[in-house]
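For reference, the structure discussed in these notes is given below.
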2 protein chains.
Amino acid sequence: MNIKLNYTYALSDVVGEHGVSPEELSALKDRLADAKKAVAQKKTDGKLGFMELPYKTDETAKIKRLAAKMKGRFENFVVVGIGGSALGNIALQGALRHPYWNLLDKKSRQGWMRIFVPDNVDPEFVKGLSDVIDFRKTAFNVISKSGTTAEGLANFFFFKKMLEAKAGKKYRDHLIFTTDAKKGFLRDISNKEGITSFDIPVNVGGRFSVLSPVGLISAAASGIKIERILAGARAMDEKCAASADALGDPAAVFAALNYLLYQKGKRICVMFPYSNALYPMADWFRQLWAESLGKKSNARGETVNVGPTPVKALGATDQHSQVQLYIEGPYDKIVVFLSAGLFRKTAPIPKVGYSHYLEGRSLAELIKCEEDATRNALAKEKRPNMTIEIPTIDEENIGGILYMLELATAYAGELFDINAFDQPGVELGKQLTYGLMGRAGFETQKKDIEEFKNRFPQKIV
Amino acid sequence: MNIKLNYTYALSDVVGEHGVSPEELSALKDRLADAKKAVAQKKTDGKLGFMELPYKTDETAKIKRLAAKMKGRFENFVVVGIGGSALGNIALQGALRHPYWNLLDKKSRQGWMRIFVPDNVDPEFVKGLSDVIDFRKTAFNVISKSGTTAEGLANFFFFKKMLEAKAGKKYRDHLIFTTDAKKGFLRDISNKEGITSFDIPVNVGGRFSVLSPVGLISAAASGIKIERILAGARAMDEKCAASADALGDPAAVFAALNYLLYQKGKRICVMFPYSNALYPMADWFRQLWAESLGKKSNARGETVNVGPTPVKALGATDQHSQVQLYIEGPYDKIVVFLSAGLFRKTAPIPKVGYSHYLEGRSLAELIKCEEDATRNALAKEKRPNMTIEIPTIDEENIGGILYMLELATAYAGELFDINAFDQPGVELGKQLTYGLMGRAGFETQKKDIEEFKNRFPQKIV
């Protein structure tokens, strides 16, 4: 694990008033140290389960045994979950497997399973998946912490009927539930019907669960070395904890810079990997950052309506889409590059007889030059940016970066003075959905939304 | 074509100070009418080629003949292009083909080709594609308006060598170039080597090119009825042009609302399809909106650093990721729902014996309720939003919506008083890339960037 944060270009000596000055950073040092202490205290109080996950090596052993067992039997592994039950899975697959994994033949996959994460209740999308998998050779991992998430259950029911039809009485052998250890709909069924299950610790929220069985089972099912992911997360945990100086802790510095730049009106945080493999991690970060820090009330109950908006972009692709805006538009962004030092393939550009300047170079060289050019062009135009340096994309470094960003989120929650671990704002939408679905007990909500809709004359053009 | 814009919830009588008042809208009416006139004038002057594309039916006939010829011969169709040369292709495939198209067998595809759009120079990603396609059965469509885009050429050279090795002397029969009619590297090779080619009109910029051969060839290669896409775009063109009242033109109203809300500090525009099929269209819109409107200077050369930041989100998935922020965070967003009236599959949720409230309903019903709940929850929390209503996802309606958003972009350019058709901000990055790549003639840039990089002490943690 050798993840580093380079924040040279987020500083005022490079980007002037749009950056953080040394004075601002050292003025925050005490608060940052307090944030570290507060997080450590919450950990001690057993509230931050995500910080314990890297040390649960017995769990990885259990998962690996399951994966080895499934390997011979199943072709496909379907993750049935949404939000925090899906994004970590997709991030790990994207980072650590072949970019066209599901199109590779079995031999190229060394017998490991194809992985599908239908993380929506779009009927075309979910039905579409059922068209391309052989249910007799497919395992389904239903993931929901509460065990009651409507989207996960709806998809589970949809697949279950087909699975029963194709796999017959032994269909339960195709199922794995990942849910709360004690309660909820999935736990009850698991107990009653003897379905293989894994626990999501009570003190681990969905968006902080990638290093739990939530994210690790599908990873193991595709042959990813999950124990090395945890080793990388442990190494990061130790690196961050070991730093007596808060400004020596990369997670703390990441939180501090984002917090200070937010105060300067940089309310948009662009996560900008220069690597397709790392692009799904930007999506995972998007949930982590938005849902944790986007809050109406601060810790004292005052209305603050705070929160940076995370945006994902992909290099070099988005140079042809977003960089015009990043370079010339409002000074309302901070850009975070995810930079791969070495790629696992270089893809030499061969000599093809045109005497073109690109012949004899490589795609790796080209994309690295583009990344460096974009970073420096942004800095020259006084656009603050920083780079998370990932020497090689491997299990240890992915574990390290995931953990660093989780920890940074906890620290940022302290700096913004909000609760980074709840999500009260999604409750209204859930209640209205129940009302609209006509679920018993939600008649008031149904009436409420219908009245609201009828109150305004529709403006349609 | 039956696309409608419902903007009830963007108005002040619903969302108060965070919405547009009737007075503000009518105060803008003259400027909006002027914007319509200015765009019409530019069209007359031959500057807005994108407005002519829906009427080029001879081109679609030529493309369909090519597609029919390729159908028997090729299994795979690879689009080699980036930015505007890729995003429209991906949007059309996503909207109008099976969600797992490339995993369907040939029969289920009715013999049409699998489509790949490797729109990056990531070496792992591009090399990865070469692992899963049989070059002997693959056609490559190299797309670049200038014919000189580094990313497109690099990938073309990468694939060309392999293609020559596998397909032998007749490798040229596997190639199609889509480029400027007269000049550029690709045009020269096409002329010299007799490679099949299509023209990108001089007055059509990359991000406005989806309805040209740029976007239509791959669509036809997968069996999409491209003539119906153009018919939908024509219907929208006529609908917008026919409205004497600027506030009866959906493209104009979309531009006006976005402009007025931007002035109220809603600088982030979230494109929020509740449909996986429509998600890639949000990516296409992201380029259109960001690159067109994100500008340093206004039409009079004054520094304005203006531009909304487009963000893509996916319903219902992002209810579990972004909606917390949208509901509770800063009042800095406008949300644009892309709403499918009917899905092409309903995906009934079967009775599976648990007496659960979801049994007997359908995924279509669930996602529609979730969309409606989210829209109303946002409105109740005074978050301005609007909905582009798409009765069915089909060729006509997709053509209509693409054209509406292009036209809206042209109008918005007038309102923001900037040039929506250039992208000066990407030039610096390009020059620095050439410098870093050591391209002849860019020695100054190389020196320049190296000096810049060495000027600042690196801050790394």
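Residues are referred to by chain and number: the chain letter is A, B, ... according to the order shown in the structure tokens, the number counts from 1 in that chain, and ligands are numbered separately from 1 in the order shown.
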
At most 6 Å is the cut-off: for each residue in chain A with any atom that close to an atom of chain B, write down the nearest atom pair and the distance in Å rounded to one decimal, counting only C-alpha atoms, chain first then increasing number, as a tab-separated table.
residue	atom	partner	partner_atom	distance
A:Lys4	CA	B:Val461	CA	5.7
A:Leu5	CA	B:Val461	CA	5.3
A:Asn6	CA	B:Ile460	CA	4.3
A:Tyr7	CA	B:Lys459	CA	5.6
A:Thr8	CA	B:Lys459	CA	4.8
A:Gly83	CA	B:His320	CA	4.7
A:Pro99	CA	B:Phe125	CA	5.8
A:Asn120	CA	B:Thr317	CA	5.3
A:Val121	CA	B:Leu363	CA	5.7
A:Asp122	CA	B:Ser275	CA	5.9
A:Pro123	CA	B:Ala347	CA	5.1
A:Glu124	CA	B:Lys345	CA	5.3
A:Phe125	CA	B:Pro99	CA	5.8
A:Gly128	CA	B:Pro99	CA	5.9
A:Phe158	CA	B:Ile349	CA	5.1
A:Gly248	CA	B:Val461	CA	6.0
A:Pro250	CA	B:Val461	CA	5.5
A:Ser275	CA	B:Asp122	CA	5.9
A:Gln287	CA	B:Ser321	CA	4.3
A:Ala290	CA	B:Leu325	CA	5.6
A:Glu291	CA	B:Gln324	CA	5.5
A:Gly294	CA	B:Leu325	CA	4.3
A:Lys295	CA	B:Glu328	CA	5.1
A:Lys296	CA	B:Glu328	CA	4.6
A:Asn305	CA	B:Gly329	CA	4.4
A:Val306	CA	B:Gly329	CA	4.8
A:Gly307	CA	B:Gly329	CA	5.3
A:Thr317	CA	B:Asn120	CA	5.3
A:His320	CA	B:Gly83	CA	4.7
A:Ser321	CA	B:Gln287	CA	4.3
A:Gln322	CA	B:Ala290	CA	5.9
A:Gln324	CA	B:Gly425	CA	4.8
A:Leu325	CA	B:Gly294	CA	4.3
A:Ile327	CA	B:Gly425	CA	5.9
A:Glu328	CA	B:Lys296	CA	4.6
A:Gly329	CA	B:Asn305	CA	4.4
A:Pro330	CA	B:Asn305	CA	4.9
A:Lys345	CA	B:Glu124	CA	5.3
A:Thr346	CA	B:Pro123	CA	5.5
A:Ala347	CA	B:Pro123	CA	5.1
A:Ile349	CA	B:Phe158	CA	5.1
A:Leu363	CA	B:Pro123	CA	5.2
A:Ala364	CA	B:Pro123	CA	5.5
A:Cys369	CA	B:Thr433	CA	5.5
A:Glu370	CA	B:Thr433	CA	5.3
A:Ala373	CA	B:Leu432	CA	5.1
A:Thr374	CA	B:Gly429	CA	5.3
A:Ala377	CA	B:Gly429	CA	5.6
A:Gly425	CA	B:Gln324	CA	4.8
A:Val426	CA	B:Gln324	CA	5.4
A:Gly429	CA	B:Ala373	CA	5.2
A:Leu432	CA	B:Ala373	CA	5.1
A:Thr433	CA	B:Glu370	CA	5.3
A:Leu436	CA	B:Cys369	CA	5.8
A:Gln458	CA	B:Thr8	CA	5.4
A:Lys459	CA	B:Thr8	CA	4.8
A:Ile460	CA	B:Asn6	CA	4.3
A:Val461	CA	B:Leu5	CA	5.3

Can I get the selected residues back with C-alpha atoms, as an mmCIF file, in the first residue's frame?
data_model
loop_
_atom_site.group_PDB
_atom_site.id
_atom_site.type_symbol
_atom_site.label_atom_id
_atom_site.label_comp_id
_atom_site.auth_asym_id
_atom_site.auth_seq_id
_atom_site.Cartn_x
_atom_site.Cartn_y
_atom_site.Cartn_z
ATOM 1 C CA LYS A 4 -0.116 9.361 -1.519
ATOM 2 C CA LEU A 5 -1.949 12.670 -1.688
ATOM 3 C CA ASN A 6 -0.196 15.403 -3.636
ATOM 4 C CA TYR A 7 -1.853 18.730 -2.869
ATOM 5 C CA THR A 8 0.688 21.152 -4.284
ATOM 6 C CA GLY A 83 -26.805 2.203 -3.238
ATOM 7 C CA PRO A 99 -12.434 -4.278 -18.376
ATOM 8 C CA ASN A 120 -31.897 -0.390 -10.147
ATOM 9 C CA VAL A 121 -35.552 -1.367 -10.433
ATOM 10 C CA ASP A 122 -35.720 -0.306 -14.060
ATOM 11 C CA PRO A 123 -37.929 -3.064 -15.526
ATOM 12 C CA GLU A 124 -36.133 -3.120 -18.889
ATOM 13 C CA PHE A 125 -32.741 -3.351 -17.211
ATOM 14 C CA GLY A 128 -32.799 -7.657 -19.670
ATOM 15 C CA PHE A 158 -38.469 -10.988 -9.625
ATOM 16 C CA GLY A 248 0.765 14.191 8.193
ATOM 17 C CA PRO A 250 -3.538 11.987 4.198
ATOM 18 C CA SER A 275 -8.214 5.302 -15.765
ATOM 19 C CA GLN A 287 -22.373 8.378 -2.609
ATOM 20 C CA ALA A 290 -22.825 13.418 -0.956
ATOM 21 C CA GLU A 291 -24.876 11.347 1.451
ATOM 22 C CA GLY A 294 -25.067 16.879 2.394
ATOM 23 C CA LYS A 295 -27.039 17.884 5.474
ATOM 24 C CA LYS A 296 -29.728 20.357 6.464
ATOM 25 C CA ASN A 305 -28.011 23.296 4.246
ATOM 26 C CA VAL A 306 -24.420 22.360 3.701
ATOM 27 C CA GLY A 307 -22.600 19.875 1.504
ATOM 28 C CA THR A 317 -12.358 11.169 -22.156
ATOM 29 C CA HIS A 320 -13.418 16.402 -24.667
ATOM 30 C CA SER A 321 -16.485 17.140 -22.577
ATOM 31 C CA GLN A 322 -15.969 18.795 -19.186
ATOM 32 C CA GLN A 324 -13.654 23.427 -21.152
ATOM 33 C CA LEU A 325 -15.978 24.226 -18.223
ATOM 34 C CA ILE A 327 -10.818 25.647 -17.189
ATOM 35 C CA GLU A 328 -13.026 28.591 -18.147
ATOM 36 C CA GLY A 329 -16.243 28.402 -16.100
ATOM 37 C CA PRO A 330 -16.939 29.661 -12.571
ATOM 38 C CA LYS A 345 -0.866 -2.888 -19.869
ATOM 39 C CA THR A 346 1.062 -0.288 -21.827
ATOM 40 C CA ALA A 347 -0.594 -0.816 -25.241
ATOM 41 C CA ILE A 349 1.147 2.237 -30.580
ATOM 42 C CA LEU A 363 -1.373 4.589 -25.036
ATOM 43 C CA ALA A 364 -0.015 4.551 -21.480
ATOM 44 C CA CYS A 369 0.873 13.080 -20.731
ATOM 45 C CA GLU A 370 -2.761 14.140 -21.079
ATOM 46 C CA ALA A 373 -1.153 18.451 -19.145
ATOM 47 C CA THR A 374 -4.664 18.792 -17.716
ATOM 48 C CA ALA A 377 -3.391 23.598 -17.346
ATOM 49 C CA GLY A 425 -33.341 13.566 3.778
ATOM 50 C CA VAL A 426 -34.215 10.349 1.970
ATOM 51 C CA GLY A 429 -39.188 10.270 -0.586
ATOM 52 C CA LEU A 432 -44.169 9.174 -0.431
ATOM 53 C CA THR A 433 -43.193 6.076 -2.425
ATOM 54 C CA LEU A 436 -47.997 6.038 -3.952
ATOM 55 C CA GLN A 458 -49.545 22.182 -14.536
ATOM 56 C CA LYS A 459 -47.236 24.168 -16.781
ATOM 57 C CA ILE A 460 -46.402 22.020 -19.773
ATOM 58 C CA VAL A 461 -44.960 22.984 -23.129
#

DSSP on the backbone, then: every residue of stretch 198-423 of chain B marked helix (DSSP H, G or I), written as a ChimeraX atom specification. /B:206-208,213-221,226-242,246-248,250-263,276-293,317-320,323-328,363-380,395-416

Secondary structure check, strand (DSSP E or B) residues of stretch 112-229 of chain B, as a ChimeraX atom specification: /B:114-116,138-143,175-180,196-200

Please write the residues from the selection above to a file, keeping N, CA and C atoms, as an mmCIF file, in the first residue's frame.
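result-v1.cif was written with the following content:
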data_model
loop_
_atom_site.group_PDB
_atom_site.id
_atom_site.type_symbol
_atom_site.label_atom_id
_atom_site.label_comp_id
_atom_site.auth_asym_id
_atom_site.auth_seq_id
_atom_site.Cartn_x
_atom_site.Cartn_y
_atom_site.Cartn_z
ATOM 1 N N ARG B 114 -22.723 -6.412 -32.621
ATOM 2 C CA ARG B 114 -22.426 -5.903 -31.287
ATOM 3 C C ARG B 114 -21.692 -4.565 -31.453
ATOM 4 N N ILE B 115 -21.892 -3.650 -30.534
ATOM 5 C CA ILE B 115 -21.328 -2.304 -30.678
ATOM 6 C C ILE B 115 -20.400 -1.996 -29.504
ATOM 7 N N PHE B 116 -19.199 -1.557 -29.815
ATOM 8 C CA PHE B 116 -18.246 -1.152 -28.780
ATOM 9 C C PHE B 116 -17.780 0.284 -29.055
ATOM 10 N N THR B 138 -14.771 -7.975 -37.422
ATOM 11 C CA THR B 138 -15.000 -6.677 -36.779
ATOM 12 C C THR B 138 -14.780 -5.517 -37.746
ATOM 13 N N ALA B 139 -15.726 -4.583 -37.742
ATOM 14 C CA ALA B 139 -15.571 -3.342 -38.504
ATOM 15 C C ALA B 139 -15.207 -2.213 -37.549
ATOM 16 N N PHE B 140 -14.379 -1.304 -38.019
ATOM 17 C CA PHE B 140 -13.946 -0.165 -37.205
ATOM 18 C C PHE B 140 -14.370 1.132 -37.880
ATOM 19 N N ASN B 141 -15.089 1.947 -37.140
ATOM 20 C CA ASN B 141 -15.499 3.254 -37.648
ATOM 21 C C ASN B 141 -14.686 4.319 -36.916
ATOM 22 N N VAL B 142 -13.692 4.856 -37.611
ATOM 23 C CA VAL B 142 -12.844 5.885 -37.001
ATOM 24 C C VAL B 142 -13.491 7.249 -37.236
ATOM 25 N N ILE B 143 -13.765 7.952 -36.146
ATOM 26 C CA ILE B 143 -14.496 9.217 -36.237
ATOM 27 C C ILE B 143 -13.685 10.362 -35.653
ATOM 28 N N LEU B 175 -12.703 -1.002 -42.566
ATOM 29 C CA LEU B 175 -12.598 0.369 -42.060
ATOM 30 C C LEU B 175 -13.631 1.311 -42.657
ATOM 31 N N ILE B 176 -14.136 2.189 -41.819
ATOM 32 C CA ILE B 176 -14.984 3.300 -42.254
ATOM 33 C C ILE B 176 -14.439 4.547 -41.567
ATOM 34 N N PHE B 177 -14.240 5.597 -42.312
ATOM 35 C CA PHE B 177 -13.818 6.859 -41.707
ATOM 36 C C PHE B 177 -14.986 7.848 -41.756
ATOM 37 N N THR B 178 -15.204 8.545 -40.651
ATOM 38 C CA THR B 178 -16.193 9.627 -40.624
ATOM 39 C C THR B 178 -15.424 10.886 -40.249
ATOM 40 N N THR B 179 -15.317 11.799 -41.195
ATOM 41 C CA THR B 179 -14.415 12.944 -40.998
ATOM 42 C C THR B 179 -14.806 14.098 -41.930
ATOM 43 N N ASP B 180 -14.032 15.150 -41.887
ATOM 44 C CA ASP B 180 -14.274 16.293 -42.766
ATOM 45 C C ASP B 180 -14.246 15.848 -44.238
ATOM 46 N N THR B 196 -13.833 3.440 -47.280
ATOM 47 C CA THR B 196 -15.208 3.956 -47.201
ATOM 48 C C THR B 196 -15.269 5.119 -46.230
ATOM 49 N N SER B 197 -15.932 6.189 -46.625
ATOM 50 C CA SER B 197 -15.958 7.345 -45.727
ATOM 51 C C SER B 197 -17.290 8.074 -45.761
ATOM 52 N N PHE B 198 -17.544 8.775 -44.659
ATOM 53 C CA PHE B 198 -18.711 9.650 -44.547
ATOM 54 C C PHE B 198 -18.224 11.022 -44.109
ATOM 55 N N ASP B 199 -19.011 12.030 -44.457
ATOM 56 C CA ASP B 199 -18.597 13.408 -44.170
ATOM 57 C C ASP B 199 -19.255 13.952 -42.906
ATOM 58 N N ILE B 200 -18.468 14.704 -42.145
ATOM 59 C CA ILE B 200 -19.043 15.532 -41.082
ATOM 60 C C ILE B 200 -19.066 16.959 -41.625
#

What is the atom CA of A:Ala221-atom CA of B:Tyr279 distance in Å, reported with one decimal? 27.8 Å

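Those residues that approach stretch 37-53 of chain A to within 7 Å, counting only C-alpha atoms, are Ala33, Pro201, Asn203, Val204, Phe208, Ser209, Leu211, Ser212, Ala410 and Tyr411 of chain A; same-chain residues fewer than 4 positions away are not listed.
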
Writing out the chosen residues with C-alpha atoms as an mmCIF file, in the first residue's frame:
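That gives us part.cif:
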data_model
loop_
_atom_site.group_PDB
_atom_site.id
_atom_site.type_symbol
_atom_site.label_atom_id
_atom_site.label_comp_id
_atom_site.auth_asym_id
_atom_site.auth_seq_id
_atom_site.Cartn_x
_atom_site.Cartn_y
_atom_site.Cartn_z
ATOM 1 C CA ALA A 33 -6.618 17.416 15.526
ATOM 2 C CA PRO A 201 -22.408 -5.177 11.450
ATOM 3 C CA ASN A 203 -22.417 -0.068 13.282
ATOM 4 C CA VAL A 204 -21.505 -0.131 9.573
ATOM 5 C CA PHE A 208 -19.151 2.557 4.524
ATOM 6 C CA SER A 209 -19.640 -1.173 3.911
ATOM 7 C CA LEU A 211 -14.827 -3.751 3.087
ATOM 8 C CA SER A 212 -17.509 -5.911 4.766
ATOM 9 C CA ALA A 410 -15.594 10.952 8.893
ATOM 10 C CA TYR A 411 -13.108 13.784 9.476
#
